[in-house]
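Below is one structure; the comments refer to it alone.
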Amino acid sequence: MAGLKEEWRKVRAARVAAAVAGTLALAKAFVGWQTHSLAVLAAAVDSLMDLFCSGLNAFYLKLAAAPPDEKHAFGHGKAEALSAVIQATVVAMGGLWLIGKSVERLLAPEPLSKTGVAFGMMMVSLVVSLAITWFLRREAKHTRSVALHADAFHYATDLASNGVAALGLLAYEVLGWHFADPLATVVIAALILRGVWGIYRDAADELLDRGLPRQVEDEVKTMIANLAPEVRGYRAFRSRRAGRVPFFEFRLLVDRGITFERSHEIAEEAIRRIRDKHGPDTQVMVDTDPV
C-alpha cells in the first residue's frame, strides 16, 4: 500500500511540474516574440521541453506504478529510465537547435525592444524555477525516482538559462552589446547539452542493470554474514534497481548438518532484514547451498 502511494505521489509531482512548465513556456514565448530576444525565446524553448518531459513523466510514472502482470513479471519500474532517455534526447535536440539559431543571429543581428519587460519575465521565471526545482528534488529523493530526478534537472538548468538570459539583456541595454543576446543563447544551449550526459548515464545504469552502490551492497553482505552461526558465507551476489524497487539475489552457504526447515528459516530471516532496511517492496531472491 505504501509503495502504491509513493508511485501516485510521483505522478502528482510530474503533473504539477507539467502545469508550471506550460505556464512559463507560454509567458516566455509571448515576451520573446514581443521583444525579439533570442535568449528569452531560448528560455521559452527550454520551458517547452520541460513541459514535454513533465508530461512524458506523468505517463511513464503511471505506467511504472502498474503492478507486475503476465508479460512483465518483474513489474514496470524501468519505464522511468525509458522516460529519462527520451527526455534527454529531446533536450539534446533543443540545445542543438538553439546553437544554430544563435549563429544565425550573430551573423545577422536584430535590435531588441522592451528589454525591461523581458528582464522582468526572466526574474519571475527564476523564482518559479527555483521553487519547482526544490519541490521536484524533494519528491525525487523521497520516492527514489530517476524520472523525477531528470525532471528536477531540467528546472535546475532553467535557473542557469534564465540567469544567463537576464545578463544578456542587461548587457544589451546598458552596454549596447548587440551580440550579448545570441551569445547568452549559446551559453544556455551549452548548459543544456552538458546536463544531457548525466541523464543518459543514470538512465543507462538502470536499463543495463548496473549494481547498486558499493556501500549498499556491502551493508547487505555484512547483514548476510551475521545472519546465524550456521551461515558459512554467500556466493553469486547480485543487485540492481528498477524504478524505486531494489533487487537482491544471492546463494547462502549454510552448514550441511542443519535441517531443511532451519535452512528455510535462515533464508526468510535474510529477506526480512533486507526488506526492513530497504523497504517492503524490495525483491530478494535467496537460495541455500549446504557446505
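To be explicit about the labels: the chains of the C-alpha cells are called A, B, and onward in the order shown, and within each one the residues are counted from 1, while ligands get numbers from 1 in the order they are shown.
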| query | Can you tell me, as a ChimeraX atom specification, what residues are no more than 9 Å from Thr185 (chain A) when counting only C-alpha atoms, ignoring any on the same chain fewer than 5 positions away? | reply | /A:38-43,98-99,101-102,161,164-165,168,180,190
Export C-alpha atoms of the chosen residues as a PDB file, in the first residue's frame?
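Output contents, as saved in out.pdb:
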ATOM      1  CA  LEU A  38      16.514  35.165 -28.838  1.00  0.00           C
ATOM      2  CA  ALA A  39      17.694  34.461 -25.284  1.00  0.00           C
ATOM      3  CA  VAL A  40      14.142  34.792 -23.949  1.00  0.00           C
ATOM      4  CA  LEU A  41      12.880  32.570 -26.783  1.00  0.00           C
ATOM      5  CA  ALA A  42      15.630  30.091 -25.857  1.00  0.00           C
ATOM      6  CA  ALA A  43      14.326  30.099 -22.303  1.00  0.00           C
ATOM      7  CA  LEU A  98      19.353  26.856 -30.142  1.00  0.00           C
ATOM      8  CA  ILE A  99      23.018  26.869 -31.145  1.00  0.00           C
ATOM      9  CA  LYS A 101      19.668  29.960 -34.201  1.00  0.00           C
ATOM     10  CA  SER A 102      22.365  31.755 -32.208  1.00  0.00           C
ATOM     11  CA  SER A 161      19.334  29.729 -18.550  1.00  0.00           C
ATOM     12  CA  VAL A 164      22.175  33.982 -18.443  1.00  0.00           C
ATOM     13  CA  ALA A 165      19.301  35.425 -20.482  1.00  0.00           C
ATOM     14  CA  GLY A 168      22.434  39.135 -21.846  1.00  0.00           C
ATOM     15  CA  ALA A 180      25.104  39.647 -25.988  1.00  0.00           C
ATOM     16  CA  ALA A 190      25.778  24.577 -23.784  1.00  0.00           C
TER      17      ALA A 190
END
| request: Go through region 154-215 of chain A and collect every residue that DSSP, computed from the backbone, puts in alpha helix (DSSP H); the answer should be as number ranges by chain. | output: A: 154-170, 180-207, 214-215
Would you put the residues from that selection into a file with N, CA and C atoms, as a short mmCIF file (atom, residue, chain, number, x, y, z; two decimals), in the first residue's frame?
data_model
loop_
_atom_site.label_atom_id
_atom_site.label_comp_id
_atom_site.auth_asym_id
_atom_site.auth_seq_id
_atom_site.Cartn_x
_atom_site.Cartn_y
_atom_site.Cartn_z
N HIS A 154 15.97 19.51 -15.35
CA HIS A 154 15.51 20.45 -16.37
C HIS A 154 15.23 21.82 -15.77
N TYR A 155 14.59 21.83 -14.59
CA TYR A 155 14.28 23.10 -13.96
C TYR A 155 15.52 23.74 -13.35
N ALA A 156 16.49 22.93 -12.96
CA ALA A 156 17.76 23.49 -12.47
C ALA A 156 18.48 24.21 -13.61
N THR A 157 18.41 23.63 -14.82
CA THR A 157 19.02 24.32 -15.97
C THR A 157 18.24 25.59 -16.30
N ASP A 158 16.94 25.61 -15.98
CA ASP A 158 16.16 26.83 -16.16
C ASP A 158 16.74 27.97 -15.32
N LEU A 159 17.18 27.64 -14.10
CA LEU A 159 17.79 28.67 -13.26
C LEU A 159 18.97 29.31 -13.96
N ALA A 160 19.83 28.45 -14.52
CA ALA A 160 21.01 28.96 -15.22
C ALA A 160 20.61 29.70 -16.49
N SER A 161 19.71 29.11 -17.28
CA SER A 161 19.33 29.73 -18.55
C SER A 161 18.63 31.06 -18.35
N ASN A 162 17.76 31.14 -17.33
CA ASN A 162 17.08 32.41 -17.07
C ASN A 162 18.07 33.47 -16.60
N GLY A 163 19.03 33.06 -15.77
CA GLY A 163 20.04 33.99 -15.29
C GLY A 163 20.92 34.49 -16.42
N VAL A 164 21.34 33.59 -17.30
CA VAL A 164 22.17 33.98 -18.44
C VAL A 164 21.40 34.90 -19.38
N ALA A 165 20.12 34.58 -19.62
CA ALA A 165 19.30 35.43 -20.48
C ALA A 165 19.17 36.83 -19.89
N ALA A 166 18.97 36.91 -18.58
CA ALA A 166 18.85 38.21 -17.91
C ALA A 166 20.14 39.01 -18.06
N LEU A 167 21.28 38.36 -17.89
CA LEU A 167 22.57 39.04 -18.04
C LEU A 167 22.75 39.54 -19.48
N GLY A 168 22.34 38.72 -20.44
CA GLY A 168 22.43 39.14 -21.85
C GLY A 168 21.59 40.37 -22.13
N LEU A 169 20.39 40.42 -21.55
CA LEU A 169 19.52 41.57 -21.74
C LEU A 169 20.12 42.83 -21.10
N LEU A 170 20.71 42.64 -19.91
CA LEU A 170 21.35 43.77 -19.25
C LEU A 170 22.54 44.31 -20.07
N ALA A 180 25.32 40.24 -27.31
CA ALA A 180 25.10 39.65 -25.99
C ALA A 180 23.94 38.67 -25.98
N ASP A 181 22.85 39.01 -26.67
CA ASP A 181 21.65 38.16 -26.67
C ASP A 181 21.92 36.80 -27.32
N PRO A 182 22.45 36.74 -28.55
CA PRO A 182 22.73 35.40 -29.13
C PRO A 182 23.84 34.67 -28.39
N LEU A 183 24.81 35.42 -27.85
CA LEU A 183 25.87 34.76 -27.10
C LEU A 183 25.32 34.12 -25.82
N ALA A 184 24.39 34.82 -25.18
CA ALA A 184 23.74 34.25 -23.99
C ALA A 184 22.98 32.98 -24.37
N THR A 185 22.40 32.97 -25.56
CA THR A 185 21.67 31.79 -26.04
C THR A 185 22.61 30.60 -26.23
N VAL A 186 23.82 30.86 -26.75
CA VAL A 186 24.81 29.78 -26.92
C VAL A 186 25.17 29.20 -25.56
N VAL A 187 25.35 30.07 -24.56
CA VAL A 187 25.68 29.59 -23.21
C VAL A 187 24.55 28.73 -22.66
N ILE A 188 23.31 29.18 -22.86
CA ILE A 188 22.15 28.41 -22.39
C ILE A 188 22.14 27.02 -23.04
N ALA A 189 22.37 26.98 -24.35
CA ALA A 189 22.37 25.71 -25.07
C ALA A 189 23.48 24.79 -24.57
N ALA A 190 24.66 25.38 -24.29
CA ALA A 190 25.78 24.58 -23.78
C ALA A 190 25.45 23.99 -22.42
N LEU A 191 24.79 24.77 -21.56
CA LEU A 191 24.40 24.27 -20.24
C LEU A 191 23.41 23.11 -20.37
N ILE A 192 22.49 23.24 -21.33
CA ILE A 192 21.50 22.18 -21.56
C ILE A 192 22.20 20.90 -22.00
N LEU A 193 23.10 21.02 -22.99
CA LEU A 193 23.77 19.83 -23.53
C LEU A 193 24.69 19.19 -22.49
N ARG A 194 25.29 20.02 -21.63
CA ARG A 194 26.19 19.49 -20.60
C ARG A 194 25.44 18.55 -19.64
N GLY A 195 24.21 18.91 -19.33
CA GLY A 195 23.44 18.08 -18.39
C GLY A 195 22.85 16.83 -19.00
N VAL A 196 22.73 16.82 -20.34
CA VAL A 196 22.13 15.65 -21.00
C VAL A 196 22.92 14.38 -20.71
N TRP A 197 24.24 14.52 -20.67
CA TRP A 197 25.09 13.35 -20.45
C TRP A 197 24.77 12.66 -19.12
N GLY A 198 24.55 13.47 -18.07
CA GLY A 198 24.24 12.89 -16.77
C GLY A 198 22.93 12.13 -16.77
N ILE A 199 21.94 12.65 -17.49
CA ILE A 199 20.65 11.95 -17.56
C ILE A 199 20.80 10.63 -18.31
N TYR A 200 21.53 10.65 -19.44
CA TYR A 200 21.76 9.42 -20.19
C TYR A 200 22.48 8.39 -19.32
N ARG A 201 23.48 8.85 -18.58
CA ARG A 201 24.28 7.94 -17.77
C ARG A 201 23.44 7.25 -16.70
N ASP A 202 22.64 8.04 -15.96
CA ASP A 202 21.81 7.46 -14.89
C ASP A 202 20.77 6.50 -15.45
N ALA A 203 20.14 6.89 -16.56
CA ALA A 203 19.12 6.02 -17.16
C ALA A 203 19.74 4.74 -17.70
N ALA A 204 20.92 4.86 -18.31
CA ALA A 204 21.59 3.68 -18.85
C ALA A 204 21.98 2.72 -17.74
N ASP A 205 22.42 3.24 -16.60
CA ASP A 205 22.77 2.39 -15.47
C ASP A 205 21.60 1.50 -15.06
N GLU A 206 20.40 2.11 -15.06
CA GLU A 206 19.23 1.33 -14.65
C GLU A 206 18.79 0.36 -15.74
N LEU A 207 18.78 0.81 -16.97
CA LEU A 207 18.34 -0.07 -18.06
C LEU A 207 19.29 -1.24 -18.27
N ARG A 214 28.23 0.58 -4.03
CA ARG A 214 29.06 -0.35 -3.25
C ARG A 214 28.69 -0.33 -1.77
N GLN A 215 28.38 0.85 -1.23
CA GLN A 215 28.03 0.95 0.18
C GLN A 215 26.78 0.13 0.49
#
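Remark: for Asp255 (chain A), the closest of the candidate residues A:Gly233, A:Asp276, A:Ala242, A:Phe153 is A:Gly233 (distances computed over only C-alpha atoms).
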| note | Between A:Val124, A:Val284, A:Leu175, A:Ala152, smallest distance to Arg137 (chain A) by only C-alpha atoms belongs to A:Ala152
| All residues 10 Å or closer to region 259-275 of chain A, only C-alpha atoms, same chain fewer than 3 positions away omitted, as a PyMOL selection string | chain A and resi 219-220+223-228+230-231+246+248+251-256+278-290
Could the residues in this selection be saved with C-alpha atoms as a compact mmCIF listing (two decimals), in the first residue's frame?
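Result file follows (part.txt):
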# COMPACT_ATOMS: atom_id res chain seq x y z
CA GLU A 219 25.73 -3.34 4.08
CA VAL A 220 23.67 -6.26 2.74
CA MET A 223 23.97 -8.45 7.16
CA ILE A 224 24.14 -11.82 5.39
CA ALA A 225 27.40 -12.77 7.09
CA ASN A 226 25.88 -12.11 10.54
CA LEU A 227 22.56 -13.87 9.95
CA ALA A 228 23.15 -17.01 12.02
CA GLU A 230 25.07 -21.81 10.65
CA VAL A 231 25.84 -19.42 7.76
CA PRO A 246 15.85 -2.62 -5.43
CA PHE A 248 18.98 -8.55 -4.48
CA ARG A 251 23.03 -18.01 -2.62
CA LEU A 252 23.52 -18.61 1.09
CA LEU A 253 26.16 -21.15 2.11
CA VAL A 254 24.88 -22.96 5.19
CA ASP A 255 26.18 -25.80 7.38
CA ARG A 256 25.18 -29.08 5.73
CA HIS A 278 15.41 -1.12 2.07
CA GLY A 279 11.62 -1.11 2.06
CA PRO A 280 8.78 -3.66 1.98
CA ASP A 281 8.70 -3.79 -1.82
CA THR A 282 12.35 -4.84 -2.08
CA GLN A 283 12.71 -8.01 -4.15
CA VAL A 284 15.03 -10.60 -2.57
CA MET A 285 15.79 -13.94 -4.23
CA VAL A 286 17.65 -16.36 -1.96
CA ASP A 287 18.68 -19.94 -2.37
CA THR A 288 20.64 -22.06 0.12
CA ASP A 289 23.58 -24.37 -0.60
CA PRO A 290 24.88 -26.85 2.01
| message | Between CA of Arg235 (chain A) and CA of Val291 (chain A), what distance in Å does the model show, to one decimal? | response |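 We find that CA of Arg235 (chain A) and CA of Val291 (chain A) lie 11.9 Å from each other.
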| task | Determine, counting only C-alpha atoms, which protein, DNA and RNA residues have an atom within 12 Å of an atom of Phe52 (chain A); residues of the same chain fewer than 4 positions away are not included. Present the result as a PyMOL selection string. | result | chain A and resi 14-15+17-22+25+45-48+56-59+83-84+86-91+94+151+154
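The space separating CA of Phe237 (chain A) from CA of Glu249 (chain A) comes to 5.7 Å.
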| field | Residue with smallest distance to Trp8 (chain A) - pool A:Asp218, A:Glu139, A:Val174, A:Phe179, counting only C-alpha atoms | value |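 Looking only at the distances to Trp8 (chain A), the closest residue turns out to be A:Glu139.
CA of Gly120 (chain A) sits 12.1 Å away from CA of Thr35 (chain A).
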| request: Using DSSP on the backbone, list every residue of region 110-270 of chain A that comes out as strand (DSSP E), and give them as number ranges by chain. | output: A: 231-242, 245-254
Print the selection's residues with N, CA and C atoms to a file, as a PDB file, in the first residue's frame.
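Dumped everything to out.pdb:
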ATOM      1  N   VAL A 231      25.495 -19.987   9.071  1.00  0.00           N
ATOM      2  CA  VAL A 231      25.841 -19.415   7.764  1.00  0.00           C
ATOM      3  C   VAL A 231      27.356 -19.447   7.577  1.00  0.00           C
ATOM      4  N   ARG A 232      27.798 -19.990   6.438  1.00  0.00           N
ATOM      5  CA  ARG A 232      29.225 -20.112   6.132  1.00  0.00           C
ATOM      6  C   ARG A 232      29.678 -19.109   5.054  1.00  0.00           C
ATOM      7  N   GLY A 233      28.758 -18.257   4.619  1.00  0.00           N
ATOM      8  CA  GLY A 233      29.116 -17.277   3.603  1.00  0.00           C
ATOM      9  C   GLY A 233      28.027 -17.168   2.550  1.00  0.00           C
ATOM     10  N   TYR A 234      28.397 -16.655   1.388  1.00  0.00           N
ATOM     11  CA  TYR A 234      27.451 -16.474   0.298  1.00  0.00           C
ATOM     12  C   TYR A 234      28.224 -16.481  -1.014  1.00  0.00           C
ATOM     13  N   ARG A 235      27.487 -16.610  -2.109  1.00  0.00           N
ATOM     14  CA  ARG A 235      28.104 -16.506  -3.429  1.00  0.00           C
ATOM     15  C   ARG A 235      27.050 -16.033  -4.432  1.00  0.00           C
ATOM     16  N   ALA A 236      27.502 -15.693  -5.628  1.00  0.00           N
ATOM     17  CA  ALA A 236      26.618 -15.234  -6.714  1.00  0.00           C
ATOM     18  C   ALA A 236      25.740 -14.072  -6.268  1.00  0.00           C
ATOM     19  N   PHE A 237      26.353 -13.114  -5.552  1.00  0.00           N
ATOM     20  CA  PHE A 237      25.601 -11.952  -5.077  1.00  0.00           C
ATOM     21  C   PHE A 237      25.416 -10.963  -6.235  1.00  0.00           C
ATOM     22  N   ARG A 238      24.173 -10.524  -6.444  1.00  0.00           N
ATOM     23  CA  ARG A 238      23.879  -9.537  -7.485  1.00  0.00           C
ATOM     24  C   ARG A 238      22.828  -8.554  -6.977  1.00  0.00           C
ATOM     25  N   SER A 239      22.891  -7.336  -7.502  1.00  0.00           N
ATOM     26  CA  SER A 239      21.887  -6.342  -7.136  1.00  0.00           C
ATOM     27  C   SER A 239      21.604  -5.458  -8.350  1.00  0.00           C
ATOM     28  N   ARG A 240      20.437  -4.822  -8.333  1.00  0.00           N
ATOM     29  CA  ARG A 240      20.060  -3.881  -9.378  1.00  0.00           C
ATOM     30  C   ARG A 240      18.869  -3.092  -8.875  1.00  0.00           C
ATOM     31  N   ARG A 241      18.440  -2.133  -9.674  1.00  0.00           N
ATOM     32  CA  ARG A 241      17.260  -1.345  -9.323  1.00  0.00           C
ATOM     33  C   ARG A 241      16.387  -1.165 -10.553  1.00  0.00           C
ATOM     34  N   ALA A 242      15.076  -1.213 -10.357  1.00  0.00           N
ATOM     35  CA  ALA A 242      14.110  -0.912 -11.414  1.00  0.00           C
ATOM     36  C   ALA A 242      13.132   0.100 -10.837  1.00  0.00           C
ATOM     37  N   VAL A 245      12.323   0.217  -6.925  1.00  0.00           N
ATOM     38  CA  VAL A 245      12.426  -1.115  -6.316  1.00  0.00           C
ATOM     39  C   VAL A 245      13.846  -1.682  -6.475  1.00  0.00           C
ATOM     40  N   PRO A 246      14.548  -1.944  -5.346  1.00  0.00           N
ATOM     41  CA  PRO A 246      15.846  -2.619  -5.432  1.00  0.00           C
ATOM     42  C   PRO A 246      15.663  -4.132  -5.492  1.00  0.00           C
ATOM     43  N   PHE A 247      16.571  -4.805  -6.196  1.00  0.00           N
ATOM     44  CA  PHE A 247      16.549  -6.264  -6.310  1.00  0.00           C
ATOM     45  C   PHE A 247      17.877  -6.807  -5.764  1.00  0.00           C
ATOM     46  N   PHE A 248      17.790  -7.859  -4.972  1.00  0.00           N
ATOM     47  CA  PHE A 248      18.977  -8.552  -4.479  1.00  0.00           C
ATOM     48  C   PHE A 248      18.824 -10.042  -4.756  1.00  0.00           C
ATOM     49  N   GLU A 249      19.913 -10.655  -5.163  1.00  0.00           N
ATOM     50  CA  GLU A 249      19.903 -12.091  -5.447  1.00  0.00           C
ATOM     51  C   GLU A 249      21.228 -12.682  -4.975  1.00  0.00           C
ATOM     52  N   PHE A 250      21.166 -13.796  -4.237  1.00  0.00           N
ATOM     53  CA  PHE A 250      22.399 -14.445  -3.769  1.00  0.00           C
ATOM     54  C   PHE A 250      22.091 -15.869  -3.298  1.00  0.00           C
ATOM     55  N   ARG A 251      23.146 -16.644  -3.133  1.00  0.00           N
ATOM     56  CA  ARG A 251      23.030 -18.011  -2.620  1.00  0.00           C
ATOM     57  C   ARG A 251      23.720 -18.063  -1.265  1.00  0.00           C
ATOM     58  N   LEU A 252      22.975 -18.491  -0.260  1.00  0.00           N
ATOM     59  CA  LEU A 252      23.521 -18.608   1.090  1.00  0.00           C
ATOM     60  C   LEU A 252      24.231 -19.948   1.262  1.00  0.00           C
ATOM     61  N   LEU A 253      25.439 -19.927   1.793  1.00  0.00           N
ATOM     62  CA  LEU A 253      26.163 -21.149   2.111  1.00  0.00           C
ATOM     63  C   LEU A 253      25.915 -21.468   3.576  1.00  0.00           C
ATOM     64  N   VAL A 254      25.241 -22.599   3.822  1.00  0.00           N
ATOM     65  CA  VAL A 254      24.877 -22.961   5.195  1.00  0.00           C
ATOM     66  C   VAL A 254      25.483 -24.321   5.564  1.00  0.00           C
TER      67      VAL A 254
END
